[in-house]
$ cat input36.txt   # compact mmCIF, C-alpha atoms and all ligand atoms
# COMPACT_ATOMS: atom_id res chain seq x y z
CA MET A 1 -11.77 19.98 32.51
CA LYS A 2 -9.09 20.44 29.84
CA ASP A 3 -10.24 20.89 26.23
CA LEU A 4 -8.74 18.50 23.70
CA VAL A 5 -9.52 18.66 19.98
CA PHE A 6 -10.14 15.38 18.16
CA ALA A 7 -9.59 16.15 14.46
CA THR A 8 -12.48 14.19 12.98
CA HIS A 9 -15.72 14.88 11.14
CA ASN A 10 -16.95 11.38 12.00
CA ALA A 11 -19.68 11.65 14.66
CA HIS A 12 -19.43 7.92 15.56
CA LYS A 13 -15.72 8.19 16.31
CA LEU A 14 -16.32 11.32 18.37
CA GLU A 15 -19.00 9.58 20.42
CA GLU A 16 -16.68 6.61 21.11
CA LEU A 17 -13.78 8.84 22.13
CA ARG A 18 -15.94 10.96 24.44
CA ALA A 19 -16.99 7.79 26.27
CA ILE A 20 -13.35 6.74 26.73
CA LEU A 21 -11.64 10.08 27.44
CA LYS A 22 -14.03 11.10 30.20
CA ASP A 23 -11.50 13.36 31.95
CA PHE A 24 -11.25 15.68 28.95
CA ASN A 25 -13.69 17.94 27.17
CA ILE A 26 -13.37 16.49 23.66
CA LEU A 27 -14.11 18.93 20.85
CA GLY A 28 -14.71 17.80 17.27
CA LEU A 29 -13.84 19.76 14.13
CA ASN A 30 -17.33 21.26 13.94
CA ASP A 31 -16.91 22.59 17.50
CA ILE A 32 -13.88 24.64 16.40
CA ASN A 33 -15.63 25.75 13.18
CA CYS A 34 -13.40 23.69 10.94
CA HIS A 35 -15.72 22.60 8.16
CA GLU A 36 -13.18 21.95 5.42
CA GLU A 37 -12.64 18.45 4.13
CA ILE A 38 -9.08 17.44 4.99
CA VAL A 39 -7.51 15.56 2.09
CA GLU A 40 -6.13 12.27 3.43
CA ASP A 41 -3.83 11.29 0.59
CA ALA A 42 -1.04 9.43 2.42
CA ASP A 43 -0.65 5.72 1.74
CA THR A 44 -0.22 4.77 5.40
CA LEU A 45 -2.40 5.13 8.51
CA ASP A 46 0.41 7.03 10.27
CA GLY A 47 0.63 9.43 7.33
CA ASN A 48 -3.09 10.20 7.29
CA ALA A 49 -3.31 10.60 11.08
CA LYS A 50 -0.45 13.12 10.88
CA ILE A 51 -2.11 15.00 7.97
CA LYS A 52 -5.32 15.45 9.99
CA ALA A 53 -3.59 16.49 13.21
CA ASN A 54 -1.20 18.85 11.39
CA PHE A 55 -4.02 20.48 9.43
CA VAL A 56 -5.64 21.57 12.68
CA THR A 57 -2.43 22.63 14.40
CA ASP A 58 -1.25 24.60 11.34
CA ASN A 59 -4.56 26.35 10.66
CA PHE A 60 -6.02 26.77 14.15
CA HIS A 61 -2.81 26.87 16.24
CA ILE A 62 -4.13 24.46 18.85
CA ASP A 63 -3.00 21.12 20.22
CA CYS A 64 -5.04 18.21 18.96
CA PHE A 65 -5.04 14.54 18.05
CA ALA A 66 -6.37 12.62 15.05
CA ASP A 67 -6.77 8.95 14.30
CA ASP A 68 -6.75 6.94 11.12
CA THR A 69 -8.13 3.44 11.02
CA GLY A 70 -7.97 0.63 8.51
CA LEU A 71 -9.41 -2.86 8.26
CA GLU A 72 -6.70 -5.27 7.06
CA VAL A 73 -7.94 -8.55 5.58
CA ASP A 74 -5.29 -11.28 5.25
CA ALA A 75 -6.84 -13.02 2.23
CA LEU A 76 -6.87 -9.65 0.41
CA ASP A 77 -3.22 -8.87 1.19
CA GLY A 78 -4.19 -6.27 3.78
CA ALA A 79 -6.90 -4.51 1.75
CA PRO A 80 -8.93 -2.36 2.21
CA GLY A 81 -6.40 -1.05 4.79
CA VAL A 82 -5.70 2.64 4.46
CA TYR A 83 -8.44 2.83 1.79
CA SER A 84 -11.18 1.48 4.10
CA ALA A 85 -13.37 4.60 3.94
CA ARG A 86 -13.65 4.58 0.13
CA TYR A 87 -13.21 0.86 -0.59
CA ALA A 88 -16.36 0.75 -2.76
CA GLY A 89 -15.55 4.08 -4.44
CA GLU A 90 -15.59 7.81 -3.72
CA GLY A 91 -18.73 8.87 -1.84
CA CYS A 92 -19.77 5.28 -1.05
CA SER A 93 -21.81 4.34 2.03
CA TYR A 94 -20.79 2.05 4.89
CA GLN A 95 -23.22 -0.52 3.44
CA ASP A 96 -21.56 -0.32 0.00
CA ASN A 97 -18.20 -1.11 1.64
CA VAL A 98 -19.64 -4.02 3.62
CA ASN A 99 -21.27 -5.45 0.47
CA LYS A 100 -18.05 -5.15 -1.52
CA LEU A 101 -16.01 -6.89 1.19
CA LEU A 102 -18.51 -9.74 1.60
CA GLU A 103 -18.47 -10.19 -2.19
CA ALA A 104 -14.63 -10.14 -2.32
CA LEU A 105 -14.49 -12.88 0.34
CA LYS A 106 -17.21 -15.09 -1.17
CA GLY A 107 -16.04 -18.71 -1.06
CA ILE A 108 -12.82 -17.82 0.80
CA GLU A 109 -12.30 -19.73 4.03
CA ASN A 110 -9.45 -17.62 5.49
CA ARG A 111 -11.41 -14.70 6.93
CA LYS A 112 -8.76 -13.41 9.34
CA ALA A 113 -8.62 -9.62 9.66
CA ARG A 114 -7.67 -6.85 12.02
CA PHE A 115 -8.62 -3.26 12.68
CA ARG A 116 -5.62 -1.03 13.19
CA THR A 117 -5.73 2.54 14.48
CA VAL A 118 -2.93 5.08 14.61
CA ILE A 119 -3.41 8.22 16.69
CA ALA A 120 -1.20 11.26 16.06
CA LEU A 121 -1.06 13.74 18.94
CA ASN A 122 0.32 17.25 18.48
CA LEU A 123 1.18 18.68 21.87
CA ASN A 124 3.35 21.68 22.73
CA GLY A 125 5.18 21.60 19.39
CA LYS A 126 5.90 17.86 19.43
CA GLN A 127 4.21 14.92 17.73
CA TYR A 128 3.52 11.54 19.32
CA LEU A 129 2.06 8.35 17.74
CA PHE A 130 0.02 5.62 19.43
CA GLU A 131 -1.20 2.38 17.84
CA GLY A 132 -3.96 -0.07 18.72
CA LYS A 133 -5.20 -3.19 16.97
CA VAL A 134 -7.72 -5.97 17.39
CA GLU A 135 -7.65 -9.35 15.65
CA GLY A 136 -10.77 -11.09 14.42
CA VAL A 137 -12.59 -12.56 11.44
CA ILE A 138 -14.95 -11.25 8.77
CA THR A 139 -18.31 -12.96 9.17
CA LYS A 140 -20.22 -14.38 6.20
CA GLU A 141 -23.30 -12.29 6.98
CA GLN A 142 -24.03 -9.01 8.74
CA HIS A 143 -25.08 -9.06 12.39
CA GLY A 144 -26.12 -6.12 14.59
CA GLU A 145 -27.17 -2.53 14.18
CA LYS A 146 -24.82 -0.69 16.54
CA GLY A 147 -21.51 0.97 15.73
CA PHE A 148 -20.60 2.01 12.19
CA GLY A 149 -18.47 1.12 9.19
CA TYR A 150 -17.49 -2.54 9.03
CA ASP A 151 -18.72 -3.31 12.58
CA PRO A 152 -21.61 -5.62 11.45
CA ILE A 153 -19.15 -8.04 9.79
CA PHE A 154 -16.23 -7.94 12.26
CA LEU A 155 -16.15 -10.66 14.91
CA PRO A 156 -13.30 -10.02 17.38
CA ASP A 157 -11.35 -13.13 18.49
CA GLY A 158 -12.71 -14.63 21.73
CA PHE A 159 -16.19 -13.11 21.37
CA ASP A 160 -19.44 -14.40 19.89
CA GLN A 161 -20.85 -11.00 18.96
CA THR A 162 -19.79 -8.68 16.14
CA PHE A 163 -18.79 -5.13 17.05
CA ALA A 164 -22.24 -4.05 15.84
CA GLU A 165 -23.95 -6.36 18.37
CA MET A 166 -21.91 -5.19 21.38
CA PRO A 167 -22.70 -2.26 23.62
CA MET A 168 -20.27 0.59 22.84
CA GLU A 169 -18.59 0.21 26.26
CA VAL A 170 -17.64 -3.40 25.44
CA LYS A 171 -16.35 -2.51 21.95
CA ASN A 172 -14.33 0.38 23.40
CA LYS A 173 -12.56 -1.92 25.91
CA ILE A 174 -11.13 -4.22 23.23
CA SER A 175 -11.19 -2.23 20.01
CA HIS A 176 -8.33 -0.83 17.93
CA ARG A 177 -9.41 2.75 18.74
CA GLY A 178 -10.02 1.92 22.40
CA ARG A 179 -6.54 0.40 22.77
CA ALA A 180 -4.79 3.25 20.96
CA THR A 181 -6.72 5.70 23.12
CA GLN A 182 -5.68 3.91 26.32
CA LYS A 183 -2.06 4.49 25.29
CA LEU A 184 -2.89 8.15 24.63
CA ILE A 185 -4.50 8.44 28.08
CA GLU A 186 -1.50 6.83 29.82
CA PHE A 187 0.78 9.28 28.04
CA LEU A 188 -1.35 12.31 28.91
CA MET A 189 -1.58 11.19 32.54
CA SER A 190 2.19 10.72 32.76
CA LEU A 191 2.90 14.38 31.87
P1 LIG B 201 -12.23 11.11 9.82
O1 LIG B 201 -11.16 10.95 8.78
O2 LIG B 201 -13.02 12.38 9.67
O3 LIG B 201 -11.70 10.94 11.21
P2 LIG B 201 -13.27 8.62 8.66
O4 LIG B 201 -14.67 8.08 8.63
O5 LIG B 201 -12.62 8.91 7.34
O6 LIG B 201 -13.28 9.90 9.63
P3 LIG B 201 -11.08 6.74 9.18
O7 LIG B 201 -10.36 7.29 7.99
O8 LIG B 201 -10.31 6.66 10.45
O9 LIG B 201 -12.41 7.60 9.48
O10 LIG B 201 -11.66 5.30 8.94
C1 LIG B 201 -11.75 4.75 7.66
C2 LIG B 201 -12.94 3.86 7.55
O11 LIG B 201 -12.70 2.68 8.32
C3 LIG B 201 -14.26 4.43 8.09
O12 LIG B 201 -14.91 5.19 7.13
C4 LIG B 201 -15.02 3.15 8.42
O13 LIG B 201 -15.60 2.61 7.24
C5 LIG B 201 -13.91 2.23 8.89
N1 LIG B 201 -13.81 2.25 10.35
C6 LIG B 201 -13.02 3.06 11.12
N2 LIG B 201 -13.18 2.78 12.42
C7 LIG B 201 -14.10 1.78 12.49
C8 LIG B 201 -14.70 1.06 13.55
O14 LIG B 201 -14.41 1.33 14.82
N3 LIG B 201 -15.58 0.11 13.25
C9 LIG B 201 -15.90 -0.17 11.97
N4 LIG B 201 -15.39 0.46 10.91
C10 LIG B 201 -14.50 1.43 11.16
$ encode --input "input36.txt" --output "structure tokens" --more "lines below"
Ligand code: ITT
Amino acid sequence: MKDLVFATHNAHKLEELRAILKDFNILGLNDINCHEEIVEDADTLDGNAKIKANFVTDNFHIDCFADDTGLEVDALDGAPGVYSARYAGEGCSYQDNVNKLLEALKGIENRKARFRTVIALNLNGKQYLFEGKVEGVITKEQHGEKGFGYDPIFLPDGFDQTFAEMPMEVKNKISHRGRATQKLIEFLMSL
């Protein structure tokens, strides 16, 4: 099985990707002894995905891919977007972010939102980008214990369970990261 490095420190994202990319041996940053915090200071998802992938390629001289994900809420003009990880402040928890978003949407009826993921792949000296998104709404209360991040308050269109109530296999079939990863797989298989 071919090794492929996924440039993330996020154990949840690694677990999801391993379940999708079954034909590859997916290594996380800890597996290649990269323990530094990569500064994601771009103001777009594409920019941050490239920063993470390039950090690994430049410092470890290996092919790899990285993703950056944002939750875009229409009533908040696309916030938290690229700032989703630290929406409630530097060092905040997933729960802090969920609380802040529920508070920001209090009394607002338009709860439309989408998760968007951009994957940057560095392969044989070239860079490729893949995007995936899923439309849905932000619920008024939290539901479910699975997943991570904003999953307990994201209800994808056409479903009656939040991402945090769904088995991971179901989330992966329809999610932003799942869809972007399918494009990555199709590309890798076409080589
Ligand atoms: P790495 O940069 O190490 O990959 P991260 O946690 O910073 O990990 P992202 O920048 O891609 O990951 O994601 C930003 C935030 O968006 C993340 O901290 C979560 O709060 C949220 N998020 C990302 N993917 C999610 C998902 O599938 N479900 C729910 N929330 C998600």
$ residues_around --input "input36.txt" --residues "segment 61-67 of chain A" --least-positions-apart "6" --cutoff "6 Å" --atoms "all atoms listed in the file" --output "JSON list (two decimals) with C-alpha atoms, keeping the file's coordinate frame"
[["chain", "number", "residue", "atom", "x", "y", "z"],
["A", 5, "VAL", "CA", -9.52, 18.66, 19.98],
["A", 6, "PHE", "CA", -10.14, 15.38, 18.16],
["A", 7, "ALA", "CA", -9.59, 16.15, 14.46],
["A", 49, "ALA", "CA", -3.31, 10.60, 11.08],
["A", 52, "LYS", "CA", -5.32, 15.45, 9.99],
["A", 53, "ALA", "CA", -3.59, 16.49, 13.21],
["A", 118, "VAL", "CA", -2.93, 5.08, 14.61],
["A", 119, "ILE", "CA", -3.41, 8.22, 16.69],
["A", 120, "ALA", "CA", -1.20, 11.26, 16.06],
["A", 121, "LEU", "CA", -1.06, 13.74, 18.94],
["A", 122, "ASN", "CA", 0.32, 17.25, 18.48],
["A", 123, "LEU", "CA", 1.18, 18.68, 21.87]]
$ residues_around --input "input36.txt" --residues "segment 74-88 of chain A" --least-positions-apart "6" --cutoff "9 Å" --atoms "all atoms listed in the file" --output "MDAnalysis selection string"
chainID A and resid 42:45 48 68 94 96:101 104:105 108:116 149:150
$ residues_near_point --input "input36.txt" --point "(-12.9, -9.9, 18.7)" --cutoff "12 Å" --atoms "all atoms listed in the file" --output "PyMOL selection string"
chain A and resi 112-115+133-139+151+153-166+170-176
$ atom_distance --input "input36.txt" --atom1 "atom CA of Gly178 of chain A" --atom2 "atom CA of Asp58 of chain A"
26.7 Å
$ atom_distance --input "input36.txt" --atom1 "atom CA of Glu186 of chain A" --atom2 "atom C3 of ligand LIG 201 (chain B)"
25.3 Å
$ build_atoms --input "input36.txt" --residues "segment 48-73 of chain A" --atoms "N, CA and C atoms" --output "mmCIF file, in the coordinates of the input"
data_model
loop_
_atom_site.group_PDB
_atom_site.id
_atom_site.type_symbol
_atom_site.label_atom_id
_atom_site.label_comp_id
_atom_site.auth_asym_id
_atom_site.auth_seq_id
_atom_site.Cartn_x
_atom_site.Cartn_y
_atom_site.Cartn_z
ATOM 1 N N ASN A 48 -1.797 9.506 7.277
ATOM 2 C CA ASN A 48 -3.090 10.200 7.290
ATOM 3 C C ASN A 48 -3.419 10.784 8.665
ATOM 4 N N ALA A 49 -3.057 10.062 9.727
ATOM 5 C CA ALA A 49 -3.310 10.600 11.080
ATOM 6 C C ALA A 49 -2.529 11.899 11.265
ATOM 7 N N LYS A 50 -1.274 11.910 10.765
ATOM 8 C CA LYS A 50 -0.450 13.120 10.880
ATOM 9 C C LYS A 50 -1.041 14.262 10.054
ATOM 10 N N ILE A 51 -1.521 13.952 8.834
ATOM 11 C CA ILE A 51 -2.110 15.000 7.970
ATOM 12 C C ILE A 51 -3.264 15.679 8.705
ATOM 13 N N LYS A 52 -4.135 14.869 9.323
ATOM 14 C CA LYS A 52 -5.320 15.450 9.990
ATOM 15 C C LYS A 52 -4.917 16.284 11.197
ATOM 16 N N ALA A 53 -4.010 15.755 12.018
ATOM 17 C CA ALA A 53 -3.590 16.490 13.210
ATOM 18 C C ALA A 53 -2.856 17.776 12.814
ATOM 19 N N ASN A 54 -1.975 17.669 11.794
ATOM 20 C CA ASN A 54 -1.200 18.850 11.390
ATOM 21 C C ASN A 54 -2.073 19.923 10.757
ATOM 22 N N PHE A 55 -3.115 19.504 10.049
ATOM 23 C CA PHE A 55 -4.020 20.480 9.430
ATOM 24 C C PHE A 55 -4.605 21.393 10.512
ATOM 25 N N VAL A 56 -5.022 20.789 11.592
ATOM 26 C CA VAL A 56 -5.640 21.570 12.680
ATOM 27 C C VAL A 56 -4.603 22.431 13.382
ATOM 28 N N THR A 57 -3.453 21.859 13.691
ATOM 29 C CA THR A 57 -2.430 22.630 14.400
ATOM 30 C C THR A 57 -1.951 23.805 13.529
ATOM 31 N N ASP A 58 -1.746 23.544 12.224
ATOM 32 C CA ASP A 58 -1.250 24.600 11.340
ATOM 33 C C ASP A 58 -2.268 25.716 11.131
ATOM 34 N N ASN A 59 -3.549 25.350 11.007
ATOM 35 C CA ASN A 59 -4.560 26.350 10.660
ATOM 36 C C ASN A 59 -5.251 26.978 11.865
ATOM 37 N N PHE A 60 -5.283 26.259 12.982
ATOM 38 C CA PHE A 60 -6.020 26.770 14.150
ATOM 39 C C PHE A 60 -5.101 27.028 15.345
ATOM 40 N N HIS A 61 -3.826 26.620 15.199
ATOM 41 C CA HIS A 61 -2.810 26.870 16.240
ATOM 42 C C HIS A 61 -3.235 26.332 17.599
ATOM 43 N N ILE A 62 -3.779 25.106 17.597
ATOM 44 C CA ILE A 62 -4.130 24.460 18.850
ATOM 45 C C ILE A 62 -3.610 23.022 18.865
ATOM 46 N N ASP A 63 -3.391 22.522 20.076
ATOM 47 C CA ASP A 63 -3.000 21.120 20.220
ATOM 48 C C ASP A 63 -4.197 20.247 19.868
ATOM 49 N N CYS A 64 -3.922 19.091 19.307
ATOM 50 C CA CYS A 64 -5.040 18.210 18.960
ATOM 51 C C CYS A 64 -4.517 16.817 18.663
ATOM 52 N N PHE A 65 -5.433 15.866 18.516
ATOM 53 C CA PHE A 65 -5.040 14.540 18.050
ATOM 54 C C PHE A 65 -6.005 14.105 16.958
ATOM 55 N N ALA A 66 -5.538 13.167 16.123
ATOM 56 C CA ALA A 66 -6.370 12.620 15.050
ATOM 57 C C ALA A 66 -6.092 11.136 14.968
ATOM 58 N N ASP A 67 -7.046 10.366 14.500
ATOM 59 C CA ASP A 67 -6.770 8.950 14.300
ATOM 60 C C ASP A 67 -7.049 8.577 12.854
ATOM 61 N N ASP A 68 -6.385 7.526 12.397
ATOM 62 C CA ASP A 68 -6.750 6.940 11.120
ATOM 63 C C ASP A 68 -6.831 5.437 11.348
ATOM 64 N N THR A 69 -7.864 4.853 10.779
ATOM 65 C CA THR A 69 -8.130 3.440 11.020
ATOM 66 C C THR A 69 -8.269 2.699 9.716
ATOM 67 N N GLY A 70 -7.788 1.465 9.682
ATOM 68 C CA GLY A 70 -7.970 0.630 8.510
ATOM 69 C C GLY A 70 -8.329 -0.790 8.919
ATOM 70 N N LEU A 71 -9.083 -1.456 8.057
ATOM 71 C CA LEU A 71 -9.410 -2.860 8.260
ATOM 72 C C LEU A 71 -8.521 -3.657 7.306
ATOM 73 N N GLU A 72 -7.657 -4.518 7.871
ATOM 74 C CA GLU A 72 -6.700 -5.270 7.060
ATOM 75 C C GLU A 72 -7.137 -6.735 6.977
ATOM 76 N N VAL A 73 -7.450 -7.186 5.771
ATOM 77 C CA VAL A 73 -7.940 -8.550 5.580
ATOM 78 C C VAL A 73 -6.818 -9.400 4.981
#
